[in-house]
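Shown below: final21.txt, with compact mmCIF, C-alpha atoms (C1' of nucleotides).
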# COMPACT_ATOMS: atom_id res chain seq x y z
CA MET A 1 -0.19 -0.70 4.89
CA ALA A 2 2.86 -2.06 6.71
CA ASP A 3 4.53 1.34 6.35
CA ILE A 4 1.47 3.19 7.57
CA GLY A 5 1.26 0.84 10.51
CA ALA A 6 4.92 1.36 11.30
CA ALA A 7 4.34 5.10 11.27
CA VAL A 8 1.88 4.70 14.17
CA GLY A 9 3.77 1.94 15.95
CA ILE A 10 1.78 -1.14 14.99
CA ARG A 11 1.93 -3.80 12.28
CA GLY A 12 0.13 -3.55 8.98
CA PRO A 13 -2.69 -6.00 9.60
CA SER A 14 -3.52 -4.39 12.94
CA LEU A 15 -4.64 -1.31 11.03
CA TYR A 16 -7.71 -3.25 9.99
CA LYS A 17 -8.95 -2.96 13.56
CA HIS A 18 -9.29 0.78 12.88
CA VAL A 19 -10.05 1.22 9.18
CA ALA A 20 -12.15 -0.88 6.84
CA SER A 21 -9.71 -0.72 3.93
CA LYS A 22 -6.81 1.12 2.44
CA GLN A 23 -9.27 2.73 0.06
CA ASP A 24 -11.31 4.17 2.94
CA LEU A 25 -8.18 5.46 4.55
CA LEU A 26 -7.11 7.21 1.36
CA ALA A 27 -10.56 8.69 0.88
CA ALA A 28 -10.56 9.97 4.47
CA VAL A 29 -7.17 11.60 3.99
CA MET A 30 -8.19 13.25 0.74
CA THR A 31 -11.58 14.54 1.83
CA GLY A 32 -10.00 15.73 5.07
CA THR A 33 -7.43 17.70 3.13
CA MET A 34 -10.06 19.35 0.97
CA ARG A 35 -12.25 20.20 3.95
CA GLU A 36 -9.30 21.76 5.69
CA LEU A 37 -8.49 23.84 2.63
CA LEU A 38 -12.09 25.01 2.44
CA ALA A 39 -12.10 25.94 6.12
CA LEU A 40 -8.87 27.89 5.76
CA HIS A 41 -10.29 29.66 2.74
CA ARG A 42 -13.44 30.77 4.55
CA GLU A 43 -11.38 31.97 7.46
CA ALA A 44 -9.09 33.90 5.13
CA VAL A 45 -11.81 35.84 3.35
CA ALA A 46 -13.99 36.42 6.43
CA THR A 47 -12.43 39.60 7.69
CA THR A 48 -12.54 41.94 4.70
CA ASP A 49 -14.84 42.92 1.88
CA ASP A 50 -12.25 44.33 -0.47
CA PRO A 51 -12.04 42.10 -3.55
CA ALA A 52 -8.30 42.42 -3.97
CA GLU A 53 -7.60 41.86 -0.31
CA ARG A 54 -9.89 38.86 -0.24
CA LEU A 55 -8.16 37.31 -3.22
CA ARG A 56 -4.77 38.02 -1.74
CA ARG A 57 -5.62 36.42 1.58
CA ALA A 58 -7.25 33.41 -0.06
CA THR A 59 -4.19 32.90 -2.24
CA GLU A 60 -1.91 33.26 0.74
CA ALA A 61 -3.88 30.68 2.69
CA HIS A 62 -3.81 28.38 -0.32
CA VAL A 63 -0.08 28.73 -0.83
CA ARG A 64 0.75 28.50 2.85
CA TYR A 65 -1.20 25.30 3.17
CA HIS A 66 0.54 23.73 0.21
CA ALA A 67 3.95 24.77 1.46
CA GLY A 68 3.25 23.39 4.91
CA HIS A 69 1.40 20.23 3.89
CA ARG A 70 3.32 19.02 0.90
CA LEU A 71 2.54 15.38 1.51
CA GLU A 72 -1.19 15.87 1.77
CA ALA A 73 -1.16 18.00 -1.36
CA PHE A 74 0.96 15.44 -3.15
CA VAL A 75 -1.43 12.64 -2.28
CA GLY A 76 -4.43 14.80 -3.04
CA ASN A 77 -3.18 15.52 -6.54
CA ARG A 78 -1.64 12.20 -7.41
CA GLU A 79 -3.98 9.59 -6.02
CA ILE A 80 -7.32 10.75 -7.32
CA ARG A 81 -7.31 8.02 -9.91
CA SER A 82 -6.74 5.47 -7.14
CA LEU A 83 -10.13 6.24 -5.64
CA VAL A 84 -13.17 4.16 -6.50
CA PRO A 85 -15.79 6.18 -8.36
CA SER A 86 -17.93 7.07 -5.34
CA ASN A 87 -15.00 8.38 -3.34
CA ARG A 88 -13.59 10.10 -6.37
CA ARG A 89 -16.85 11.92 -6.90
CA ARG A 90 -16.82 13.12 -3.32
CA VAL A 91 -13.28 14.45 -3.55
CA LEU A 92 -13.78 16.02 -6.97
CA SER A 93 -16.92 17.74 -5.80
CA LEU A 94 -15.08 19.28 -2.84
CA ARG A 95 -12.35 20.32 -5.22
CA ALA A 96 -14.86 21.92 -7.56
CA GLU A 97 -16.37 23.74 -4.61
CA TYR A 98 -12.94 25.07 -3.68
CA GLU A 99 -12.27 26.22 -7.21
CA LYS A 100 -15.63 27.95 -7.29
CA CYS A 101 -14.66 29.96 -4.22
CA PHE A 102 -11.73 31.41 -6.11
CA ARG A 103 -13.72 31.90 -9.26
CA ASP A 104 -16.31 33.84 -7.26
CA LEU A 105 -13.61 36.02 -5.78
CA VAL A 106 -12.36 36.82 -9.26
CA HIS A 107 -15.88 37.51 -10.49
CA ALA A 108 -16.49 39.83 -7.57
CA GLY A 109 -13.38 41.78 -8.46
CA ILE A 110 -14.41 41.98 -12.09
CA THR A 111 -17.92 43.24 -11.39
CA ALA A 112 -16.45 45.76 -8.95
CA GLY A 113 -14.26 46.97 -11.81
CA ARG A 114 -11.14 46.12 -9.87
CA PHE A 115 -9.91 43.09 -11.81
CA HIS A 116 -9.29 42.82 -15.52
CA VAL A 117 -9.19 39.33 -16.99
CA MET A 118 -10.86 37.65 -19.92
CA SER A 119 -11.85 34.47 -18.16
CA ALA A 120 -12.46 34.21 -14.44
CA ARG A 121 -12.25 30.46 -14.72
CA LEU A 122 -8.83 30.61 -16.33
CA ALA A 123 -7.58 33.05 -13.72
CA SER A 124 -8.81 30.89 -10.86
CA TYR A 125 -7.26 27.79 -12.40
CA ALA A 126 -3.99 29.63 -12.75
CA ILE A 127 -3.96 30.79 -9.15
CA LEU A 128 -4.85 27.34 -7.84
CA ASP A 129 -2.20 25.71 -9.98
CA LEU A 130 0.43 27.98 -8.48
CA GLY A 131 -0.32 26.49 -5.10
CA MET A 132 -0.15 22.92 -6.39
CA GLY A 133 3.24 23.74 -7.81
CA VAL A 134 4.47 25.08 -4.49
CA ALA A 135 3.73 21.72 -2.91
CA VAL A 136 6.00 20.10 -5.46
CA TRP A 137 9.11 22.23 -5.27
CA PHE A 138 8.94 23.92 -1.88
CA ARG A 139 11.64 22.97 0.64
CA ALA A 140 11.43 24.27 4.18
CA ASP A 141 15.22 24.54 4.27
CA GLY A 142 15.51 26.37 0.95
CA GLU A 143 16.42 30.00 0.48
CA LEU A 144 12.80 30.87 -0.26
CA THR A 145 11.00 30.78 3.07
CA GLU A 146 7.34 29.97 3.48
CA ASP A 147 6.62 33.61 4.29
CA ILE A 148 8.38 34.93 1.21
CA VAL A 149 6.72 32.47 -1.11
CA THR A 150 3.33 33.14 0.42
CA TRP A 151 3.70 36.89 0.13
CA GLN A 152 5.06 36.80 -3.40
CA TYR A 153 2.38 34.46 -4.65
CA GLY A 154 -0.27 36.67 -3.14
CA GLU A 155 1.16 39.50 -5.21
CA MET A 156 1.27 37.32 -8.29
CA ALA A 157 -2.39 36.42 -7.91
CA LEU A 158 -3.26 40.11 -7.95
CA ARG A 159 -1.10 40.62 -11.01
CA ILE A 160 -2.73 37.66 -12.74
CA VAL A 161 -6.19 39.16 -12.32
CA GLY A 162 -4.91 42.58 -13.31
CA ALA A 163 -5.92 44.18 -10.01
CA THR A 164 -5.77 47.95 -10.01
CA MET B 1 2.78 -4.03 -19.96
CA ALA B 2 -0.19 -5.94 -21.32
CA ASP B 3 -2.02 -2.63 -21.85
CA ILE B 4 0.95 -1.04 -23.57
CA GLY B 5 1.27 -4.10 -25.78
CA ALA B 6 -2.42 -3.95 -26.64
CA ALA B 7 -2.00 -0.32 -27.63
CA VAL B 8 0.46 -1.38 -30.33
CA GLY B 9 -1.29 -4.59 -31.29
CA ILE B 10 0.83 -7.21 -29.56
CA ARG B 11 0.81 -9.06 -26.23
CA GLY B 12 2.58 -7.85 -23.13
CA PRO B 13 5.51 -10.27 -23.11
CA SER B 14 6.27 -9.55 -26.78
CA LEU B 15 7.25 -6.04 -25.78
CA TYR B 16 10.41 -7.48 -24.29
CA LYS B 17 11.64 -8.12 -27.82
CA HIS B 18 11.79 -4.34 -28.19
CA VAL B 19 12.55 -2.87 -24.74
CA ALA B 20 14.72 -4.16 -21.95
CA SER B 21 12.30 -3.35 -19.17
CA LYS B 22 9.31 -1.30 -18.19
CA GLN B 23 11.67 0.98 -16.34
CA ASP B 24 13.65 1.69 -19.53
CA LEU B 25 10.46 2.37 -21.40
CA LEU B 26 9.31 4.85 -18.80
CA ALA B 27 12.68 6.56 -18.76
CA ALA B 28 12.63 6.83 -22.56
CA VAL B 29 9.17 8.37 -22.49
CA MET B 30 10.10 10.88 -19.83
CA THR B 31 13.43 11.98 -21.24
CA GLY B 32 11.82 12.17 -24.68
CA THR B 33 9.15 14.48 -23.32
CA MET B 34 11.69 16.75 -21.72
CA ARG B 35 13.86 16.87 -24.83
CA GLU B 36 10.83 17.78 -26.90
CA LEU B 37 9.94 20.57 -24.51
CA LEU B 38 13.48 21.91 -24.65
CA ALA B 39 13.46 21.82 -28.45
CA LEU B 40 10.14 23.65 -28.61
CA HIS B 41 11.46 26.22 -26.19
CA ARG B 42 14.57 26.93 -28.24
CA GLU B 43 12.47 27.23 -31.35
CA ALA B 44 10.08 29.61 -29.60
CA VAL B 45 12.71 32.07 -28.43
CA ALA B 46 14.88 31.92 -31.55
CA THR B 47 13.20 34.58 -33.61
CA THR B 48 13.18 37.64 -31.38
CA ASP B 49 15.41 39.43 -28.92
CA ASP B 50 12.74 41.31 -27.02
CA PRO B 51 12.64 39.97 -23.46
CA ALA B 52 8.87 40.22 -23.12
CA GLU B 53 8.20 38.67 -26.49
CA ARG B 54 10.64 35.86 -25.77
CA LEU B 55 8.96 35.09 -22.47
CA ARG B 56 5.55 35.22 -24.08
CA ARG B 57 6.50 32.83 -26.85
CA ALA B 58 8.26 30.46 -24.47
CA THR B 59 5.21 30.41 -22.22
CA GLU B 60 2.92 29.86 -25.17
CA ALA B 61 5.03 26.93 -26.37
CA HIS B 62 5.04 25.53 -22.85
CA VAL B 63 1.29 25.83 -22.43
CA ARG B 64 0.50 24.59 -25.91
CA TYR B 65 2.59 21.51 -25.37
CA HIS B 66 0.91 20.73 -22.07
CA ALA B 67 -2.55 21.22 -23.54
CA GLY B 68 -1.76 18.99 -26.49
CA HIS B 69 0.22 16.31 -24.68
CA ARG B 70 -1.66 15.87 -21.45
CA LEU B 71 -0.70 12.24 -21.03
CA GLU B 72 3.01 12.81 -21.46
CA ALA B 73 2.86 15.69 -19.02
CA PHE B 74 0.85 13.60 -16.59
CA VAL B 75 3.38 10.78 -16.70
CA GLY B 76 6.26 13.20 -16.56
CA ASN B 77 4.96 14.78 -13.39
CA ARG B 78 3.58 11.76 -11.64
CA GLU B 79 6.04 8.97 -12.29
CA ILE B 80 9.32 10.59 -11.36
CA ARG B 81 9.44 8.64 -8.15
CA SER B 82 8.99 5.42 -10.11
CA LEU B 83 12.35 5.91 -11.80
CA VAL B 84 15.47 4.28 -10.44
CA PRO B 85 18.00 6.86 -9.22
CA SER B 86 20.10 6.99 -12.38
CA ASN B 87 17.11 7.58 -14.65
CA ARG B 88 15.62 9.99 -12.17
CA ARG B 89 18.79 12.03 -12.17
CA ARG B 90 18.72 12.22 -15.95
CA VAL B 91 15.13 13.42 -16.06
CA LEU B 92 15.53 15.86 -13.21
CA SER B 93 18.60 17.34 -14.82
CA LEU B 94 16.69 17.95 -18.06
CA ARG B 95 13.92 19.46 -16.03
CA ALA B 96 16.34 21.73 -14.22
CA GLU B 97 17.78 22.77 -17.57
CA TYR B 98 14.29 23.65 -18.79
CA GLU B 99 13.54 25.66 -15.70
CA LYS B 100 16.83 27.49 -16.09
CA CYS B 101 15.79 28.56 -19.59
CA PHE B 102 12.78 30.34 -18.13
CA ARG B 103 14.74 31.75 -15.25
CA ASP B 104 17.25 33.19 -17.70
CA LEU B 105 14.46 34.78 -19.71
CA VAL B 106 13.15 36.42 -16.55
CA HIS B 107 16.62 37.56 -15.58
CA ALA B 108 17.16 39.04 -19.00
CA GLY B 109 13.95 41.01 -18.64
CA ILE B 110 14.96 42.23 -15.20
CA THR B 111 18.40 43.40 -16.23
CA ALA B 112 16.84 45.11 -19.25
CA GLY B 113 14.60 46.94 -16.81
CA ARG B 114 11.51 45.49 -18.43
CA PHE B 115 10.40 43.02 -15.75
CA HIS B 116 9.78 43.73 -12.09
CA VAL B 117 9.83 40.75 -9.75
CA MET B 118 11.54 39.99 -6.47
CA SER B 119 12.68 36.50 -7.33
CA ALA B 120 13.34 35.29 -10.86
CA ARG B 121 13.28 31.74 -9.58
CA LEU B 122 9.87 32.16 -8.05
CA ALA B 123 8.52 33.75 -11.20
CA SER B 124 9.86 30.96 -13.39
CA TYR B 125 8.45 28.33 -11.06
CA ALA B 126 5.11 30.06 -11.20
CA ILE B 127 5.03 30.19 -14.98
CA LEU B 128 6.08 26.58 -15.33
CA ASP B 129 3.49 25.46 -12.81
CA LEU B 130 0.78 27.13 -14.85
CA GLY B 131 1.62 24.81 -17.71
CA MET B 132 1.60 21.73 -15.51
CA GLY B 133 -1.83 22.76 -14.34
CA VAL B 134 -3.12 23.09 -17.87
CA ALA B 135 -2.20 19.46 -18.51
CA VAL B 136 -4.41 18.49 -15.59
CA TRP B 137 -7.61 20.35 -16.33
CA PHE B 138 -7.50 21.07 -20.06
CA ARG B 139 -10.11 19.35 -22.21
CA ALA B 140 -9.96 19.65 -25.98
CA ASP B 141 -13.77 19.71 -26.10
CA GLY B 142 -14.15 22.37 -23.39
CA GLU B 143 -15.24 25.94 -23.92
CA LEU B 144 -11.68 27.14 -23.46
CA THR B 145 -9.86 26.26 -26.67
CA GLU B 146 -6.16 25.53 -26.86
CA ASP B 147 -5.59 28.85 -28.62
CA ILE B 148 -7.43 30.87 -26.01
CA VAL B 149 -5.67 29.19 -23.11
CA THR B 150 -2.30 29.58 -24.79
CA TRP B 151 -2.83 33.25 -25.51
CA GLN B 152 -4.22 34.05 -22.08
CA TYR B 153 -1.44 32.24 -20.26
CA GLY B 154 1.12 34.09 -22.32
CA GLU B 155 -0.45 37.31 -21.08
CA MET B 156 -0.49 36.02 -17.53
CA ALA B 157 3.21 35.23 -17.67
CA LEU B 158 3.91 38.83 -18.62
CA ARG B 159 1.72 40.03 -15.81
CA ILE B 160 3.47 37.73 -13.36
CA VAL B 161 6.85 39.20 -14.17
CA GLY B 162 5.42 42.71 -14.14
CA ALA B 163 6.36 43.40 -17.75
CA THR B 164 6.07 47.04 -18.74
C1' DT C 1 16.87 -25.18 -50.66
C1' DC C 2 17.89 -24.28 -46.00
C1' DC C 3 18.73 -22.19 -41.91
C1' DA C 4 19.24 -18.25 -38.89
C1' DC C 5 16.83 -14.98 -36.68
C1' DG C 6 13.45 -11.31 -35.82
C1' DG C 7 9.54 -11.12 -33.53
C1' DG C 8 5.08 -13.05 -31.92
C1' DC C 9 2.63 -16.27 -28.50
C1' DT C 10 1.36 -19.00 -24.29
C1' DA C 11 2.54 -20.67 -19.97
C1' DA C 12 5.34 -20.47 -16.06
C1' DT C 13 7.76 -18.02 -12.19
C1' DG C 14 8.40 -15.05 -8.45
C1' DG C 15 7.70 -10.97 -5.90
C1' DT C 16 4.87 -7.64 -3.76
C1' DC C 17 0.82 -6.41 -1.29
C1' DA C 18 -3.85 -5.93 0.63
C1' DT C 19 -6.67 -8.48 3.22
C1' DT C 20 -8.33 -12.35 6.27
C1' DA C 21 -7.89 -16.12 9.85
C1' DG C 22 -7.01 -17.27 14.03
C1' DC C 23 -4.72 -16.50 18.22
C1' DC C 24 -3.46 -14.00 22.61
C1' DT C 25 -3.35 -10.54 26.26
C1' DG C 26 -4.87 -7.18 29.29
C1' DA C 27 -8.43 -4.22 31.00
C1' DC C 28 -13.00 -3.37 32.44
C1' DT C 29 -17.52 -5.15 34.29
C1' DA C 30 -21.07 -7.99 36.09
C1' DT D 1 -13.65 -13.99 39.70
C1' DA D 2 -15.13 -15.09 35.14
C1' DG D 3 -16.42 -13.24 30.85
C1' DT D 4 -16.14 -9.98 27.12
C1' DC D 5 -13.96 -7.28 23.99
C1' DA D 6 -10.66 -3.93 22.08
C1' DG D 7 -6.78 -4.23 19.83
C1' DG D 8 -2.17 -6.40 18.92
C1' DC D 9 0.41 -10.19 16.38
C1' DT D 10 1.86 -13.91 13.07
C1' DA D 11 0.78 -16.71 9.35
C1' DA D 12 -1.98 -17.67 5.52
C1' DT D 13 -4.46 -16.42 1.16
C1' DG D 14 -5.09 -14.64 -3.24
C1' DA D 15 -4.63 -10.86 -6.69
C1' DC D 16 -1.96 -8.71 -9.67
C1' DC D 17 1.93 -8.08 -12.64
C1' DA D 18 6.71 -7.79 -14.51
C1' DT D 19 9.59 -10.80 -16.38
C1' DT D 20 11.46 -15.24 -18.29
C1' DA D 21 11.15 -19.85 -20.70
C1' DG D 22 10.34 -22.10 -24.39
C1' DC D 23 7.96 -22.57 -28.55
C1' DC D 24 6.66 -21.41 -33.48
C1' DC D 25 6.41 -19.13 -37.95
C1' DG D 26 7.78 -16.35 -41.78
C1' DT D 27 11.38 -14.20 -44.36
C1' DG D 28 15.64 -13.23 -46.54
C1' DG D 29 20.34 -14.09 -47.54
C1' DA D 30 23.89 -18.03 -48.62
Using structure tokens, write down the structure that the file contains.
Amino acid sequence: MADIGAAVGIRGPSLYKHVASKQDLLAAVMTGTMRELLALHREAVATTDDPAERLRRATEAHVRYHAGHRLEAFVGNREIRSLVPSNRRRVLSLRAEYEKCFRDLVHAGITAGRFHVMSARLASYAILDLGMGVAVWFRADGELTEDIVTWQYGEMALRIVGAT
Amino acid sequence: MADIGAAVGIRGPSLYKHVASKQDLLAAVMTGTMRELLALHREAVATTDDPAERLRRATEAHVRYHAGHRLEAFVGNREIRSLVPSNRRRVLSLRAEYEKCFRDLVHAGITAGRFHVMSARLASYAILDLGMGVAVWFRADGELTEDIVTWQYGEMALRIVGAT
DNA sequence: TCCACGGGCTAATGGTCATTAGCCTGACTA
DNA sequence: TAGTCAGGCTAATGACCATTAGCCCGTGGA
């Protein structure tokens, strides 16, 4: 809490004039992250009906977010077990909702005869996990730029689902 | 430490008759995990020279390990920042070595004209991240069995590298 | 037989934090 | 102009936990 306070220019205890507890703060950060991801997803798939293009854009949004918000992603993935059950349920339910978005995209591609995978769930897990990974290893000053990684991972998602 | 002690039938402080510190214990667990992964990898690629088959078997070993050793993988991914610098260096160097194994497999496939990817590094990161993900969501009692996941992810790896 | 020591136990010790208590100041507002 | 209150601060308080102190018992070689 002292560190968080320092980051906004006040002392640790003064934070309690703004948040009820560290737990609440963590929950707010994590649900905020998930809501942002969901909003970006909806925006990404809004402008086309083509299954492959929708999946590509959703993956790109997913990857771009994780490359640009490594800290949020890190906290989101690492601190789930730090949440009390009620908060954890909230976050996990948002996460499940997000996963379902991808699974639905894969299903749509399958029923349209455009994708070829055995398990839509497995494919959506795989694509989501790619993004999580990006948050771990991505460095803004590395040789792989955010644009390159985003583009390449969009391609990979299409390969994973066997898009024609 | 009390929990760890309980897991082996003794009290927390008694553990100090066997390990020097919690830090050492964690480092031993993490380096052990990485060494095991490296050994499994070498075993997996030892019996064939075909680039695609080697990558498939390496991926399968990777995924199977992460499905079967979720806790080790969890600790290995989450607690790196808990290590003091010297231990962290050791673990990260083993990890880099493991990643290089996959990168070399991808390179071999590319130079043999069998794989088609822009960045071998990106492809190897992607494949490795799939395994990490498995450790997070895999449940032995789920509808997706270890065999199915392993097989499917092996296929996905080949798709990711654009194997012909 | 005895004694050294491996290995277990309980009871400190000490450090790190989140959180609370209690205080103070400065800005509106009646 | 006095009162209220938002919002800072320092100094407790109290958990929690790794680690250490100091003790005890059983066993196996001398």
Mind checking which residues fall within 12 Å of DC25 in chain D, counting only C-alpha atoms (C1' of nucleotides), ignoring those fewer than 6 positions away in the same chain, and posting them as number ranges by chain?
C: 5-9
Could you write out as a list in words the residues of chain B within 12 Å of chain D, counting all atoms listed in the file?
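The contacting residues on chain B are Met1, Ala2, Asp3, Gly12, Pro13, Ser14, Leu15, Tyr16, Lys17, Val19, Ala20, Ser21, Lys22 and Gln23 of chain B.
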State, in Å with one decimal place, the distance from CA of Ala108 in chain A to CA of His69 in chain A.
28.9 Å
Chain A contacts on chain C, only C-alpha atoms (C1' of nucleotides), 12 Å, as a compact mmCIF listing (two decimals) with C-alpha atoms (C1' of nucleotides), in the frame of the given file:
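The file below, result-v1.txt, is the result:
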# COMPACT_ATOMS: atom_id res chain seq x y z
C1' DC C 17 0.82 -6.41 -1.29
C1' DA C 18 -3.85 -5.93 0.63
C1' DT C 19 -6.67 -8.48 3.22
C1' DT C 20 -8.33 -12.35 6.27
C1' DA C 21 -7.89 -16.12 9.85
For a quick test of understanding: name the residues of chain B lying within 7 Å of chain A when counting all atoms listed in the file, and present them as a list in words.
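On the chain B side, the interface is Arg78, Ala126, Asp129, Leu130, Gly133, Met156, Arg159 and Ile160 of chain B.
Taking CA of Leu40 in chain A as the reference point, CA of Arg88 in chain A is found at 22.0 Å.
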Test item: residues at most 9 Å from Ala73 in chain A, all atoms listed in the file, excluding those fewer than 6 positions along its chain, as number ranges by chain:
A: 30, 33, 65-67, 132, 135-136
Interatomic distance (Å, one decimal) between CA of Ala120 in chain A and CA of Phe102 in chain A:
8.8 Å
At a cut-off of 9 Å, using all atoms listed in the file, what residues contact Met34 in chain B? Leave out same-chain residues fewer than 4 positions from it and give the result as a ChimeraX atom specification.
/B:29-30,38-39,76,91,94-95,98
Tell me, as a CSV table (one decimal) with C-alpha atoms, keeping the file's coordinate frame, which residues lie within 7 Å of Thr59 in chain A, counting all atoms listed in the file; anything in the same chain fewer than 3 positions away does not count.
chain,number,residue,atom,x,y,z
A,55,LEU,CA,-8.2,37.3,-3.2
A,56,ARG,CA,-4.8,38.0,-1.7
A,62,HIS,CA,-3.8,28.4,-0.3
A,63,VAL,CA,-0.1,28.7,-0.8
A,154,GLY,CA,-0.3,36.7,-3.1
A,157,ALA,CA,-2.4,36.4,-7.9
